[in-house]
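Asks: Take this structure, written in structure tokens, and hold onto it; I'll ask about it next.
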Amino acid sequence: MGETIVSELIFSKNEHIAVVTLNRPDARNALSPELLGRLAVTWEEIKSDADIRVVVLTGSAGSTFCAGFDLALSISLLNKTREPETTWDKALFDDWTIAHKATLRGFDIERPLIVAANGHAIAGGMELLLAGDLRVVASEAKLGLSEVKLGLIPGMGGTATIRHKMSPAVAAEMLLTSNPINAEKALEAGLLNRVVPADKVLSTAMELASAKLPIKCKFIKRI
């Protein structure tokens, strides 16, 4: 099993399974310009690697799978309240579609994606969860699109995709109130495939990944 640790992202490949790990535990795996940039590059590499048949996306150990976009580092570039300081900043400042690709908005890796949310998935983290084809979530996790409480809207397509991935009534409540729901309610609403203890999330996702899932066809892509 080969593993590459590149600061804020860990990539490994075991036979035909690729594992992508968000690696900012001290920041609740929030999406910084660097992490967004590295995710965008990684998805491109996965798409071009014919040896990869399935992908698992997870977060480094902690209470949160992903807390969404880093307000201080990423959102400040979007609203032009901060000047770029690094090459990752400059790339995102010049091309916000990097964030779209990183969160798989309009970008298809053409492989089944299993999201193994080992903790809370909030805002952009919830949108990453929605991007999955299969979803395994920790039993104690909270899931939500919190942007409305900040005077924002989900910027990566979450308002559109959530309504097609779960009960419309629950989706509407989440969008209008910004109140998170627990994993069990999300399971009942049809969003999740498995709810397991946090320390079992990745192993459960790997079991699903080992089921020889086919490369996504055009039908699955349209779902």
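Chain labels A, B, ... are given in the sequence in which chains occur in the structure tokens; within each chain residues are numbered consecutively from 1, and ligands are likewise numbered from 1 in the order shown.
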Show me, as a ChimeraX atom specification, the residues that have an atom within 7 Å of region 110-127 of chain A when counting only C-alpha atoms, minus same-chain residues fewer than 5 positions from it.

Replies: /A:47,53-59,62-69,132-138,141-147,154,156,158,198,201-202,205,215-216

Asks: Calculated over only C-alpha atoms, which of the candidates A:Ser210, A:Asn179, A:Ser167, A:Asn14 has the smallest distance to Asp51 (chain A)?

Replies: A:Asn14

Asks: So which residues of region 21-202 of chain A fall under strand (DSSP E or B) by DSSP, listed as a PyMOL selection string?

Replies: chain A and resi 21-22+31+54-59+64-66+69+113-117+120-122+134-138+142-144+181-182+194-196

Asks: So the first atom is CA of Arg82 (chain A) and the second is CA of Thr97 (chain A); what is the distance between them in Å, to one decimal place?

Replies: 18.2 Å

Asks: Within 12 Å of Ile10 (chain A), counting only C-alpha atoms, which residues show up once you throw out same-chain ones fewer than 2 positions away? Write them as a list in words, please.

Replies: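 So the residues in contact are Gly2, Glu3, Thr4, Ile5, Val6, Ser7, Glu8, Ser12, Lys13, Ala18, Val19, Val20, Thr21, Leu22, Asn23, Arg24, Asn29, Leu35, Arg38, Leu39, Thr42, Val56, Leu57, Thr58, Gly59 and Ser60 of chain A.
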
Asks: Grab the residues selected above and save them as a PDB file, in the first residue's frame with C-alpha atoms.

Replies:
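Just written: selection-v9.pdb:
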```
ATOM      1  CA  GLY A   2       1.564   3.257  -1.127  1.00  0.00           C
ATOM      2  CA  GLU A   3       0.873   6.398   0.891  1.00  0.00           C
ATOM      3  CA  THR A   4       1.722   9.970   0.034  1.00  0.00           C
ATOM      4  CA  ILE A   5       1.364  12.603   2.757  1.00  0.00           C
ATOM      5  CA  VAL A   6       1.373  16.080   1.299  1.00  0.00           C
ATOM      6  CA  SER A   7       0.794  18.423   4.222  1.00  0.00           C
ATOM      7  CA  GLU A   8      -2.961  18.961   4.264  1.00  0.00           C
ATOM      8  CA  SER A  12      -2.912   6.229  -0.619  1.00  0.00           C
ATOM      9  CA  LYS A  13      -3.660   3.409  -3.016  1.00  0.00           C
ATOM     10  CA  ALA A  18      -7.670   4.996  -3.617  1.00  0.00           C
ATOM     11  CA  VAL A  19      -8.073   6.644  -0.202  1.00  0.00           C
ATOM     12  CA  VAL A  20      -8.077  10.439   0.063  1.00  0.00           C
ATOM     13  CA  THR A  21      -7.808  11.885   3.579  1.00  0.00           C
ATOM     14  CA  LEU A  22      -8.411  15.492   4.575  1.00  0.00           C
ATOM     15  CA  ASN A  23      -5.514  16.228   6.895  1.00  0.00           C
ATOM     16  CA  ARG A  24      -6.150  19.414   8.885  1.00  0.00           C
ATOM     17  CA  ASN A  29     -10.355  19.537   8.379  1.00  0.00           C
ATOM     18  CA  LEU A  35      -6.438  21.701   0.714  1.00  0.00           C
ATOM     19  CA  ARG A  38      -4.572  19.622  -3.575  1.00  0.00           C
ATOM     20  CA  LEU A  39      -8.020  18.034  -3.744  1.00  0.00           C
ATOM     21  CA  THR A  42      -5.880  14.688  -6.744  1.00  0.00           C
ATOM     22  CA  VAL A  56     -12.795   6.505  -0.457  1.00  0.00           C
ATOM     23  CA  LEU A  57     -12.812  10.038   0.949  1.00  0.00           C
ATOM     24  CA  THR A  58     -12.387  10.473   4.702  1.00  0.00           C
ATOM     25  CA  GLY A  59     -11.019  12.884   7.298  1.00  0.00           C
ATOM     26  CA  SER A  60      -8.119  12.663   9.711  1.00  0.00           C
TER      27      SER A  60
END
```
